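Student: Here it is: the structure, laid out below.
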Amino acid sequence: MHTNTTKWFYLIALSLIWGSSYILIKKGLVGLTPLQLGSIRITLTTIILCAVGWKQVVTIPKKAWKWIAVTGFFGTFFPNYLFAFAETEIDSAVAAVLNGMTPLFTLLLGVLFFSAQLRWKQTLGVFVGFLGTLVLLFREFNFQSGTGSLYGILVIGAAFCYAVNVNVIKYKLQGISAMAIALGNFLVILLPALAVLSVSNFPFEGVLSDPKITTSMGYIFILAVLGTALAKVMFNKLVAISSPVFSISITYLLPVVAIGWGMLDGEVFTLLQWLGCLFILLGVYLVTEKTPQKRGV
């Protein structure tokens with residue numbers, strides 16, 4: 001398959017998979033706490049990746065392990081818990097749209113730390129996307145308790161983590177296979193995740209006796225297989241064959257999928273939220289649009 005076709009295939013496939021992950025997190029939270037959900041998701045994914053790609057670990061150079069650790073924590077560990085906590089208060093569709101800040105953060109980090117060039121359209125995109133985020137945060141703000149917007153900020157924090165992750169993979173882990181990076185990530189964060197699970201009051205003995213927990217575990221298993229294990233490997237391959245900004249332009253399509261699932265689940269997406277969504281997507285478009293190169297005379 002041609003490289004250009006392959007990267008678009010991965011982009012669309014990941015949009016469908018990750019666009020569905022937000023509703024799976026929402027369903028998982030019915031019987032699990034955010035700490036339990038995040039820890040179990042990491043544990044299950046580690047087991048799955050070890051089963052299919054254990055031999056890939058030996059291909060990781062010793063000097064690369066520090067960057068593997070960075071991408072493990074910023075690409076998976078922190079976002080897992082941040083999204084889980086965020087979706088206890090905000091709709092899954094809103095979480096998906098707020099995640100649209102990832103391309104903006106990716107570009108800015110690339111400019112600041114990896115010598116990427118910033119064009120005027122991309123600069124405008126940063127401000128437009130930020131405006132859209134403010135609109136959504138305003139909608140989520142609870143004037144009585146003041147907590148609504150704080151949970152929206154958790155998603156923005158996760159978006160920043162993803163931006164760190166994609167830049168490090170692109171510029172520091174070139175030449176290492178997508179499976180090796182993914183498995184290395186989860187081996188690094190497994191023990192911290194188990195430590196979090198041990199203090200989360202997870203009812204190990206009552207899993208099968210509580211229908212809510214059993215059902216939630218089923219959703220998290222699907223999330224671990226598709227939304228984490230498979231998607232992580234696919235995303236690492238996408239980063240390897242494209243630019244960091246193109247890789248996370250997945251946020252063009254991801255919110256559409258998430259909003260669709262959210263509306264099917266009874267979530268209401270207001271006109272103000274649609275406006276914020278459009279601002280964010282416009283910002284992403286401006287950031288990821290390539291400026292035509294001038295031909296030599």
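If you're wondering about the labels, chains in the structure tokens are A, B, ... by order shown, residues count from 1 in each chain, ligands from 1 in order shown.
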Taking 2 positions as the minimum chain separation for residues in the same chain, which residues sit within 7 Å of region 164-166 of chain A when counting only C-alpha atoms? Answer as a PyMOL selection string.

Tutor: chain A and resi 71+74-75+106+160-162+168-170+244

Student: Report as a tab-separated table the residues of region 9-110 of chain A within 12 Å of region 204-221 of chain A, each with its shortest atom pair and distance in Å (one decimal), using only C-alpha atoms, ordered by chain and increasing residue number.

Tutor:
residue	atom	partner	partner_atom	distance
A:Ser20	CA	A:Tyr219	CA	11.1
A:Ser21	CA	A:Ile220	CA	9.3
A:Tyr22	CA	A:Tyr219	CA	11.0
A:Ile23	CA	A:Tyr219	CA	9.4
A:Leu24	CA	A:Tyr219	CA	5.8
A:Ile25	CA	A:Ile220	CA	7.2
A:Lys26	CA	A:Ser216	CA	9.3
A:Lys27	CA	A:Ser216	CA	6.3
A:Gly28	CA	A:Ser216	CA	4.2
A:Leu29	CA	A:Ser216	CA	6.8
A:Val30	CA	A:Ser216	CA	6.5
A:Gly31	CA	A:Ile213	CA	4.4
A:Leu32	CA	A:Ile213	CA	6.4
A:Thr33	CA	A:Ile213	CA	10.0
A:Pro34	CA	A:Ile220	CA	11.6
A:Gln36	CA	A:Met217	CA	10.1
A:Leu37	CA	A:Ile220	CA	7.2
A:Gly38	CA	A:Ile220	CA	9.1
A:Ser39	CA	A:Ile220	CA	10.3
A:Ile40	CA	A:Ile220	CA	7.6
A:Arg41	CA	A:Ile220	CA	6.1
A:Ile42	CA	A:Ile220	CA	9.8
A:Thr43	CA	A:Phe221	CA	10.1
A:Leu44	CA	A:Phe221	CA	7.0
A:Thr45	CA	A:Phe221	CA	8.4
A:Thr46	CA	A:Phe221	CA	11.8
A:Ile47	CA	A:Phe221	CA	11.2
A:Ile48	CA	A:Phe221	CA	10.1
A:Asn80	CA	A:Ile220	CA	11.6
A:Ala84	CA	A:Ile220	CA	11.4

Student: Got time to write the residues from that selection, C-alpha atoms, as a PDB file, in the first residue's frame?

Tutor:
ATOM      1  CA  SER A  20     -15.693   5.415  20.171  1.00  0.00           C
ATOM      2  CA  SER A  21     -13.397   5.246  23.201  1.00  0.00           C
ATOM      3  CA  TYR A  22     -15.055   8.192  24.955  1.00  0.00           C
ATOM      4  CA  ILE A  23     -18.419   6.456  25.204  1.00  0.00           C
ATOM      5  CA  LEU A  24     -16.660   3.277  26.391  1.00  0.00           C
ATOM      6  CA  ILE A  25     -14.997   5.273  29.173  1.00  0.00           C
ATOM      7  CA  LYS A  26     -18.386   6.717  30.119  1.00  0.00           C
ATOM      8  CA  LYS A  27     -19.920   3.231  30.300  1.00  0.00           C
ATOM      9  CA  GLY A  28     -16.937   1.909  32.228  1.00  0.00           C
ATOM     10  CA  LEU A  29     -17.388   4.577  34.882  1.00  0.00           C
ATOM     11  CA  VAL A  30     -20.837   3.198  35.758  1.00  0.00           C
ATOM     12  CA  GLY A  31     -19.285   0.463  37.898  1.00  0.00           C
ATOM     13  CA  LEU A  32     -15.697   1.657  38.323  1.00  0.00           C
ATOM     14  CA  THR A  33     -13.988   4.712  39.758  1.00  0.00           C
ATOM     15  CA  PRO A  34     -11.617   6.751  37.545  1.00  0.00           C
ATOM     16  CA  GLN A  36      -9.833   1.759  38.874  1.00  0.00           C
ATOM     17  CA  LEU A  37     -10.765   2.298  35.237  1.00  0.00           C
ATOM     18  CA  GLY A  38      -7.404   3.790  34.303  1.00  0.00           C
ATOM     19  CA  SER A  39      -5.414   1.108  36.113  1.00  0.00           C
ATOM     20  CA  ILE A  40      -7.392  -1.828  34.740  1.00  0.00           C
ATOM     21  CA  ARG A  41      -7.191  -0.406  31.228  1.00  0.00           C
ATOM     22  CA  ILE A  42      -3.389  -0.217  31.459  1.00  0.00           C
ATOM     23  CA  THR A  43      -3.098  -3.683  33.015  1.00  0.00           C
ATOM     24  CA  LEU A  44      -5.272  -5.389  30.401  1.00  0.00           C
ATOM     25  CA  THR A  45      -3.478  -3.634  27.545  1.00  0.00           C
ATOM     26  CA  THR A  46      -0.068  -4.686  28.894  1.00  0.00           C
ATOM     27  CA  ILE A  47      -1.181  -8.328  29.008  1.00  0.00           C
ATOM     28  CA  ILE A  48      -2.512  -8.140  25.434  1.00  0.00           C
ATOM     29  CA  ASN A  80      -5.920   7.567  30.958  1.00  0.00           C
ATOM     30  CA  ALA A  84     -11.572   9.072  33.338  1.00  0.00           C
TER      31      ALA A  84
END

Student: Please list as a list in words every residue within 12 Å of Val128 (chain A), counting only C-alpha atoms and excluding residues in the same chain fewer than 2 positions away.

Tutor: Gly100, Met101, Leu104, Lys121, Gln122, Thr123, Leu124, Gly125, Val126, Phe130, Leu131, Gly132, Thr133, Leu134, Val135, Leu275, Gly276, Cys277, Leu278, Phe279, Ile280, Leu281, Leu282, Gly283, Val284, Tyr285, Leu286 and Val287 of chain A

Student: Restricting it to C-alpha atoms, dump the selection as a short mmCIF file (atom, residue, chain, number, x, y, z; two decimals), in the first residue's frame.

Tutor:
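Contents of part-v1.cif, freshly written:
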data_model
loop_
_atom_site.label_atom_id
_atom_site.label_comp_id
_atom_site.auth_asym_id
_atom_site.auth_seq_id
_atom_site.Cartn_x
_atom_site.Cartn_y
_atom_site.Cartn_z
CA GLY A 100 -9.00 18.88 19.61
CA MET A 101 -6.42 21.09 21.31
CA LEU A 104 -2.33 23.07 18.54
CA LYS A 121 -2.11 30.38 9.21
CA GLN A 122 -0.91 28.05 11.92
CA THR A 123 -0.55 30.94 14.35
CA LEU A 124 -4.12 31.99 13.58
CA GLY A 125 -5.22 28.39 14.06
CA VAL A 126 -3.72 28.33 17.56
CA PHE A 130 -8.06 28.28 21.90
CA LEU A 131 -11.17 30.45 21.48
CA GLY A 132 -13.23 27.35 20.75
CA THR A 133 -11.90 25.69 23.88
CA LEU A 134 -12.88 28.72 25.97
CA VAL A 135 -16.42 28.50 24.53
CA LEU A 275 -20.02 26.75 17.94
CA GLY A 276 -17.09 25.84 20.19
CA CYS A 277 -16.61 22.62 18.24
CA LEU A 278 -16.49 24.51 14.93
CA PHE A 279 -13.91 26.95 16.30
CA ILE A 280 -11.67 24.11 17.46
CA LEU A 281 -11.95 22.22 14.17
CA LEU A 282 -11.27 25.42 12.23
CA GLY A 283 -8.21 25.97 14.37
CA VAL A 284 -7.04 22.41 13.72
CA TYR A 285 -7.59 22.91 9.97
CA LEU A 286 -5.50 26.08 9.94
CA VAL A 287 -2.75 24.43 11.97
#

Student: Could you write out, as a ChimeraX atom specification, all the residues of region 58-256 of chain A that DSSP marks as helix (DSSP H, G or I)?

Tutor: /A:58-59,62-86,92-113,120-140,148-172,178-198,204-206,211-241,244-252,254-256

Student: Could you give me, as a list of chain:residue names, the residues within 8 Å of region 259-266 of chain A, counting only C-alpha atoms and dropping anything in the same chain fewer than 6 positions from it?

Tutor: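 Listing them by chain and then by number gives A:Ser20, A:Ile23, A:Asp91, A:Ser92, A:Ala93, A:Val94, A:Ala96.
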
Student: A:Phe73, A:Phe202, A:Trp18, A:Tyr10: which is nearest Leu190 (chain A), counting only C-alpha atoms?

Tutor: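 Nearest to Leu190 (chain A): A:Phe73.
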
Student: Between CA of Thr88 (chain A) and CA of Leu150 (chain A), what is the distance in Å, rounded to a tenth?

Tutor: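 So the answer is 11.7 Å.
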